[in-house]
Amino acid sequence: MPRGRYSLHDPHDHTPLGEEHFQCAPGPSGWRYVSRTTTPSGDDAGSVDLALDELGRPIRLELHAASWQVRGAAIDGVTWVRTDPTGTDAREGNAPAHAFTGASPAFLVATARLLRLAPGAPATRVRLVAFTDPVLAPRTVDQSWALVKSEAHTTDNGLLTVDEYQVNALDTGEQHAVHIAGDVVLAAPGIELEDLESPPSTFR
């Protein structure tokens, strides 16, 4: 069960945004990721709880940030309920999308798991609902993902396969690289893996 810590920063000006302390593991029905986020000063900033089925579809999502809450799942596309800090106004949303995304590295692993791309294959288009900080506002985004290469690296714990993806934002044309090993993000815009207590899990 990988357990570790990511540092988060603004991908444009590198302003520190805090840290995400996580643990994740595959199971008989899919994969689960739980984390808590902190501000640069160490204060609590929210949490992520994401569960995928064996095909990579989100069967449960729960996000907390700035007293806002989102609960969602893959139902008729994707469906979610967003609750305000007072707990009195809960609004349901739905979109013809494949999955969710957001600031957490969990969503990069989840999208890669959903698409299951082959190295060198044409880029695949995916529609996602992003929940943006700090109030978890929903926004539909279109991306294309391509698996550029998979390379095996020798480590103290054996071979580690690292997948390099090219991700394009189809609305802006912005491109960036994402490096994933198993169920851990090694590097991506705004994300750095700072500490990992055990090797990444390998999906069957």
# chains A, B, ... in the order shown; residues from 1 in each chain; ligands from 1
$ residues_around --residues "Val109 of chain A" --least-positions-apart "4" --cutoff "10 Å" --atoms "only C-alpha atoms" --output "number ranges by chain"
A: 33, 56, 104-105, 113-114, 178-185
$ write_last_selection --atoms "C-alpha atoms" --output "compact mmCIF listing (two decimals), in the first residue's frame"
# COMPACT_ATOMS: atom_id res chain seq x y z
CA TYR A 33 -6.99 6.64 -2.94
CA GLY A 56 -11.17 2.61 -13.95
CA SER A 104 -5.13 15.92 -6.72
CA PRO A 105 -2.58 13.57 -8.33
CA ARG A 113 -6.24 3.72 -15.52
CA LEU A 114 -9.49 4.51 -17.33
CA VAL A 178 2.85 13.30 -16.80
CA HIS A 179 5.07 10.53 -15.39
CA ILE A 180 3.31 7.70 -13.55
CA ALA A 181 4.67 4.50 -12.00
CA GLY A 182 1.92 2.06 -11.06
CA ASP A 183 -0.48 4.09 -8.92
CA VAL A 184 1.91 6.91 -8.01
CA VAL A 185 2.55 10.15 -9.92
$ residues_around --residues "Val167 of chain A" --least-positions-apart "4" --cutoff "6 Å" --atoms "only C-alpha atoms" --output "JSON, numbers by chain"
{"A": [144, 145, 175, 176]}
$ write_last_selection --atoms "N, CA and C atoms" --output "mmCIF file, in the first residue's frame"
data_model
loop_
_atom_site.group_PDB
_atom_site.id
_atom_site.type_symbol
_atom_site.label_atom_id
_atom_site.label_comp_id
_atom_site.auth_asym_id
_atom_site.auth_seq_id
_atom_site.Cartn_x
_atom_site.Cartn_y
_atom_site.Cartn_z
ATOM 1 N N SER A 144 -6.753 15.341 -24.473
ATOM 2 C CA SER A 144 -6.302 14.154 -25.187
ATOM 3 C C SER A 144 -5.086 13.606 -24.470
ATOM 4 N N TRP A 145 -5.022 12.294 -24.364
ATOM 5 C CA TRP A 145 -3.940 11.602 -23.678
ATOM 6 C C TRP A 145 -3.256 10.644 -24.651
ATOM 7 N N GLN A 175 0.136 21.780 -23.695
ATOM 8 C CA GLN A 175 0.619 20.412 -23.583
ATOM 9 C C GLN A 175 1.503 20.268 -22.352
ATOM 10 N N HIS A 176 1.441 19.112 -21.730
ATOM 11 C CA HIS A 176 2.356 18.842 -20.639
ATOM 12 C C HIS A 176 2.575 17.347 -20.498
#
$ select_by_dssp --residues "segment 8-182 of chain A" --states "strand (DSSP E)" --output "mmCIF file with C-alpha atoms, in the first residue's frame"
data_model
loop_
_atom_site.group_PDB
_atom_site.id
_atom_site.type_symbol
_atom_site.label_atom_id
_atom_site.label_comp_id
_atom_site.auth_asym_id
_atom_site.auth_seq_id
_atom_site.Cartn_x
_atom_site.Cartn_y
_atom_site.Cartn_z
ATOM 1 C CA LEU A 8 1.724 21.073 -4.812
ATOM 2 C CA HIS A 9 2.581 24.365 -6.491
ATOM 3 C CA PRO A 16 3.718 26.763 -3.149
ATOM 4 C CA LEU A 17 0.116 25.626 -2.655
ATOM 5 C CA GLY A 18 0.659 23.065 0.083
ATOM 6 C CA GLU A 19 1.047 19.319 0.398
ATOM 7 C CA GLU A 20 -1.045 16.200 -0.094
ATOM 8 C CA HIS A 21 -0.470 13.250 2.260
ATOM 9 C CA PHE A 22 -1.837 10.109 0.643
ATOM 10 C CA GLN A 23 -2.220 6.368 0.687
ATOM 11 C CA CYS A 24 -3.637 4.177 -2.044
ATOM 12 C CA ALA A 25 -4.041 0.529 -2.961
ATOM 13 C CA PRO A 26 -5.607 -1.744 -5.555
ATOM 14 C CA GLY A 27 -8.223 -4.168 -4.319
ATOM 15 C CA GLY A 30 -10.594 -1.698 -8.293
ATOM 16 C CA TRP A 31 -8.453 0.979 -6.650
ATOM 17 C CA ARG A 32 -8.859 3.444 -3.773
ATOM 18 C CA TYR A 33 -6.989 6.641 -2.945
ATOM 19 C CA VAL A 34 -7.408 8.711 0.228
ATOM 20 C CA SER A 35 -5.527 11.843 1.178
ATOM 21 C CA ARG A 36 -5.578 15.016 3.180
ATOM 22 C CA THR A 37 -4.246 18.313 1.923
ATOM 23 C CA THR A 38 -2.543 21.040 3.909
ATOM 24 C CA ASP A 44 -5.791 21.522 7.061
ATOM 25 C CA ALA A 45 -7.065 22.349 3.566
ATOM 26 C CA GLY A 46 -9.299 19.428 2.644
ATOM 27 C CA SER A 47 -9.392 15.787 1.667
ATOM 28 C CA VAL A 48 -9.841 13.385 -1.243
ATOM 29 C CA ASP A 49 -11.460 9.945 -1.230
ATOM 30 C CA LEU A 50 -11.652 8.313 -4.665
ATOM 31 C CA ALA A 51 -12.610 4.733 -5.487
ATOM 32 C CA LEU A 52 -12.453 3.207 -8.979
ATOM 33 C CA ASP A 53 -13.933 -0.031 -10.261
ATOM 34 C CA PRO A 58 -15.226 6.372 -10.504
ATOM 35 C CA ILE A 59 -17.661 4.504 -8.301
ATOM 36 C CA ARG A 60 -17.265 6.957 -5.410
ATOM 37 C CA LEU A 61 -15.720 10.403 -5.057
ATOM 38 C CA GLU A 62 -15.752 12.595 -1.971
ATOM 39 C CA LEU A 63 -13.917 15.914 -1.906
ATOM 40 C CA HIS A 64 -13.649 18.496 0.864
ATOM 41 C CA ALA A 65 -12.127 21.973 0.488
ATOM 42 C CA TRP A 68 -17.316 22.832 0.518
ATOM 43 C CA GLN A 69 -18.104 19.191 -0.208
ATOM 44 C CA VAL A 70 -18.615 17.177 -3.380
ATOM 45 C CA ARG A 71 -19.873 13.603 -3.638
ATOM 46 C CA GLY A 72 -19.961 11.979 -7.043
ATOM 47 C CA ALA A 73 -19.944 8.790 -9.106
ATOM 48 C CA VAL A 78 -20.964 11.497 -14.161
ATOM 49 C CA THR A 79 -23.246 12.810 -11.441
ATOM 50 C CA TRP A 80 -22.371 14.782 -8.320
ATOM 51 C CA VAL A 81 -23.840 16.723 -5.406
ATOM 52 C CA ARG A 82 -22.044 19.883 -4.268
ATOM 53 C CA THR A 83 -22.825 21.221 -0.798
ATOM 54 C CA ALA A 90 -26.911 21.025 -1.967
ATOM 55 C CA ARG A 91 -27.025 21.129 -5.747
ATOM 56 C CA GLU A 92 -26.909 18.129 -8.040
ATOM 57 C CA GLY A 93 -25.020 18.202 -11.314
ATOM 58 C CA ASN A 94 -24.653 15.831 -14.240
ATOM 59 C CA ALA A 95 -22.525 15.829 -17.381
ATOM 60 C CA ALA A 99 -14.755 10.710 -15.196
ATOM 61 C CA PHE A 100 -13.682 13.454 -12.776
ATOM 62 C CA THR A 101 -10.492 15.454 -12.420
ATOM 63 C CA GLY A 102 -9.041 18.105 -10.146
ATOM 64 C CA THR A 124 -7.316 9.375 -27.040
ATOM 65 C CA ARG A 125 -9.801 12.131 -26.294
ATOM 66 C CA VAL A 126 -11.486 12.171 -22.901
ATOM 67 C CA ARG A 127 -14.091 14.490 -21.361
ATOM 68 C CA LEU A 128 -13.759 15.141 -17.626
ATOM 69 C CA VAL A 129 -15.555 17.198 -14.993
ATOM 70 C CA ALA A 130 -12.968 19.199 -13.048
ATOM 71 C CA PHE A 131 -13.615 20.508 -9.544
ATOM 72 C CA THR A 132 -11.530 23.635 -9.099
ATOM 73 C CA ALA A 137 -16.700 24.594 -8.700
ATOM 74 C CA PRO A 138 -17.463 22.076 -11.502
ATOM 75 C CA ARG A 139 -16.147 22.677 -15.020
ATOM 76 C CA THR A 140 -16.189 20.339 -18.029
ATOM 77 C CA VAL A 141 -12.828 19.949 -19.767
ATOM 78 C CA ASP A 142 -11.716 18.048 -22.860
ATOM 79 C CA GLN A 143 -8.250 16.516 -22.999
ATOM 80 C CA SER A 144 -6.302 14.154 -25.187
ATOM 81 C CA TRP A 145 -3.940 11.602 -23.678
ATOM 82 C CA ALA A 146 -1.154 9.664 -25.384
ATOM 83 C CA LEU A 147 1.255 7.165 -23.838
ATOM 84 C CA VAL A 148 4.591 8.301 -25.238
ATOM 85 C CA LYS A 149 6.716 5.507 -23.764
ATOM 86 C CA SER A 150 7.094 3.003 -20.941
ATOM 87 C CA GLU A 151 10.544 2.452 -19.496
ATOM 88 C CA ALA A 152 11.745 0.004 -16.838
ATOM 89 C CA HIS A 153 14.172 1.390 -14.263
ATOM 90 C CA THR A 154 16.229 -0.635 -11.806
ATOM 91 C CA THR A 155 15.600 0.236 -8.146
ATOM 92 C CA GLY A 158 13.374 -4.388 -8.401
ATOM 93 C CA LEU A 159 12.257 -3.032 -11.740
ATOM 94 C CA LEU A 160 9.999 0.021 -11.764
ATOM 95 C CA THR A 161 8.066 0.755 -14.958
ATOM 96 C CA VAL A 162 7.519 4.464 -15.586
ATOM 97 C CA ASP A 163 4.893 5.589 -18.089
ATOM 98 C CA GLU A 164 5.275 8.982 -19.742
ATOM 99 C CA TYR A 165 2.035 10.523 -20.987
ATOM 100 C CA GLN A 166 1.485 13.613 -23.111
ATOM 101 C CA VAL A 167 -1.675 15.411 -22.054
ATOM 102 C CA ASN A 168 -3.196 18.139 -24.216
ATOM 103 C CA ALA A 169 -5.868 20.587 -23.079
ATOM 104 C CA GLN A 175 0.619 20.412 -23.583
ATOM 105 C CA HIS A 176 2.356 18.842 -20.639
ATOM 106 C CA ALA A 177 4.003 15.586 -19.594
ATOM 107 C CA VAL A 178 2.852 13.301 -16.797
ATOM 108 C CA HIS A 179 5.068 10.529 -15.388
ATOM 109 C CA ILE A 180 3.314 7.696 -13.546
ATOM 110 C CA ALA A 181 4.666 4.504 -12.004
#
$ closest_residue --among "A:Pro189, A:Pro40, A:Pro119, A:Pro200" --to "Ala103 of chain A" --atoms "only C-alpha atoms"
A:Pro189
$ decode --residues "segment 57-69 of chain A" --atoms "all heavy atoms" --output "short mmCIF file (atom, residue, chain, number, x, y, z; two decimals), in the first residue's frame"
data_model
loop_
_atom_site.label_atom_id
_atom_site.label_comp_id
_atom_site.auth_asym_id
_atom_site.auth_seq_id
_atom_site.Cartn_x
_atom_site.Cartn_y
_atom_site.Cartn_z
N ARG A 57 -13.50 3.25 -13.74
CA ARG A 57 -14.59 4.23 -13.61
C ARG A 57 -14.76 4.64 -12.15
O ARG A 57 -14.62 3.80 -11.25
CB ARG A 57 -15.90 3.62 -14.13
CG ARG A 57 -15.85 3.26 -15.59
CD ARG A 57 -17.08 2.47 -16.01
NE ARG A 57 -17.20 1.21 -15.27
CZ ARG A 57 -18.01 0.21 -15.61
NH1 ARG A 57 -18.77 0.33 -16.67
NH2 ARG A 57 -18.06 -0.89 -14.88
N PRO A 58 -15.06 5.92 -11.90
CA PRO A 58 -15.23 6.37 -10.50
C PRO A 58 -16.54 5.87 -9.91
O PRO A 58 -17.61 6.29 -10.34
CB PRO A 58 -15.21 7.90 -10.63
CG PRO A 58 -15.70 8.17 -12.03
CD PRO A 58 -15.22 7.03 -12.86
N ILE A 59 -16.44 4.99 -8.95
CA ILE A 59 -17.66 4.50 -8.30
C ILE A 59 -17.98 5.31 -7.05
O ILE A 59 -19.11 5.26 -6.56
CB ILE A 59 -17.56 3.01 -7.96
CG1 ILE A 59 -16.32 2.72 -7.11
CG2 ILE A 59 -17.55 2.18 -9.23
CD1 ILE A 59 -16.21 1.27 -6.67
N ARG A 60 -17.00 6.07 -6.55
CA ARG A 60 -17.27 6.96 -5.41
C ARG A 60 -16.19 8.04 -5.37
O ARG A 60 -15.01 7.75 -5.46
CB ARG A 60 -17.27 6.20 -4.09
CG ARG A 60 -17.69 7.10 -2.90
CD ARG A 60 -17.63 6.37 -1.58
NE ARG A 60 -16.27 6.09 -1.15
CZ ARG A 60 -15.69 4.92 -1.19
NH1 ARG A 60 -16.34 3.86 -1.66
NH2 ARG A 60 -14.43 4.74 -0.78
N LEU A 61 -16.63 9.27 -5.25
CA LEU A 61 -15.72 10.40 -5.06
C LEU A 61 -16.26 11.27 -3.93
O LEU A 61 -17.45 11.59 -3.92
CB LEU A 61 -15.61 11.24 -6.34
CG LEU A 61 -14.88 12.58 -6.20
CD1 LEU A 61 -13.40 12.35 -5.90
CD2 LEU A 61 -15.05 13.44 -7.44
N GLU A 62 -15.39 11.63 -3.01
CA GLU A 62 -15.75 12.60 -1.97
C GLU A 62 -14.60 13.58 -1.80
O GLU A 62 -13.48 13.18 -1.51
CB GLU A 62 -16.07 11.91 -0.65
CG GLU A 62 -16.56 12.88 0.42
CD GLU A 62 -17.12 12.17 1.66
OE1 GLU A 62 -17.64 11.05 1.53
OE2 GLU A 62 -17.00 12.77 2.75
N LEU A 63 -14.90 14.85 -2.04
CA LEU A 63 -13.92 15.91 -1.91
C LEU A 63 -14.37 16.90 -0.85
O LEU A 63 -15.56 17.20 -0.72
CB LEU A 63 -13.77 16.68 -3.23
CG LEU A 63 -13.28 15.93 -4.47
CD1 LEU A 63 -13.31 16.86 -5.68
CD2 LEU A 63 -11.90 15.38 -4.25
N HIS A 64 -13.39 17.42 -0.09
CA HIS A 64 -13.65 18.50 0.86
C HIS A 64 -12.61 19.58 0.64
O HIS A 64 -11.41 19.28 0.51
CB HIS A 64 -13.56 17.99 2.31
CG HIS A 64 -14.63 17.02 2.69
ND1 HIS A 64 -15.81 17.42 3.28
CD2 HIS A 64 -14.72 15.68 2.52
CE1 HIS A 64 -16.57 16.35 3.49
NE2 HIS A 64 -15.93 15.29 3.03
N ALA A 65 -13.05 20.84 0.61
CA ALA A 65 -12.13 21.97 0.49
C ALA A 65 -12.85 23.23 0.92
O ALA A 65 -13.98 23.50 0.47
CB ALA A 65 -11.62 22.14 -0.95
N ALA A 66 -12.21 24.00 1.80
CA ALA A 66 -12.77 25.27 2.26
C ALA A 66 -14.22 25.13 2.72
O ALA A 66 -15.07 25.98 2.44
CB ALA A 66 -12.67 26.33 1.17
N SER A 67 -14.51 24.03 3.40
CA SER A 67 -15.84 23.72 3.93
C SER A 67 -16.85 23.34 2.85
O SER A 67 -18.01 23.07 3.17
CB SER A 67 -16.40 24.87 4.78
OG SER A 67 -15.57 25.12 5.90
N TRP A 68 -16.46 23.34 1.58
CA TRP A 68 -17.32 22.83 0.52
C TRP A 68 -17.13 21.32 0.43
O TRP A 68 -16.08 20.78 0.77
CB TRP A 68 -16.97 23.48 -0.82
CG TRP A 68 -17.31 24.94 -0.89
CD1 TRP A 68 -16.57 25.98 -0.42
CD2 TRP A 68 -18.48 25.51 -1.46
NE1 TRP A 68 -17.21 27.18 -0.66
CE2 TRP A 68 -18.38 26.92 -1.30
CE3 TRP A 68 -19.61 24.98 -2.10
CZ2 TRP A 68 -19.37 27.79 -1.76
CZ3 TRP A 68 -20.59 25.86 -2.56
CH2 TRP A 68 -20.46 27.24 -2.39
N GLN A 69 -18.17 20.64 -0.08
CA GLN A 69 -18.10 19.19 -0.21
C GLN A 69 -18.71 18.77 -1.53
O GLN A 69 -19.71 19.33 -1.99
CB GLN A 69 -18.87 18.52 0.93
CG GLN A 69 -18.96 17.01 0.81
CD GLN A 69 -19.77 16.39 1.92
OE1 GLN A 69 -19.30 16.24 3.04
NE2 GLN A 69 -21.01 16.03 1.62
#
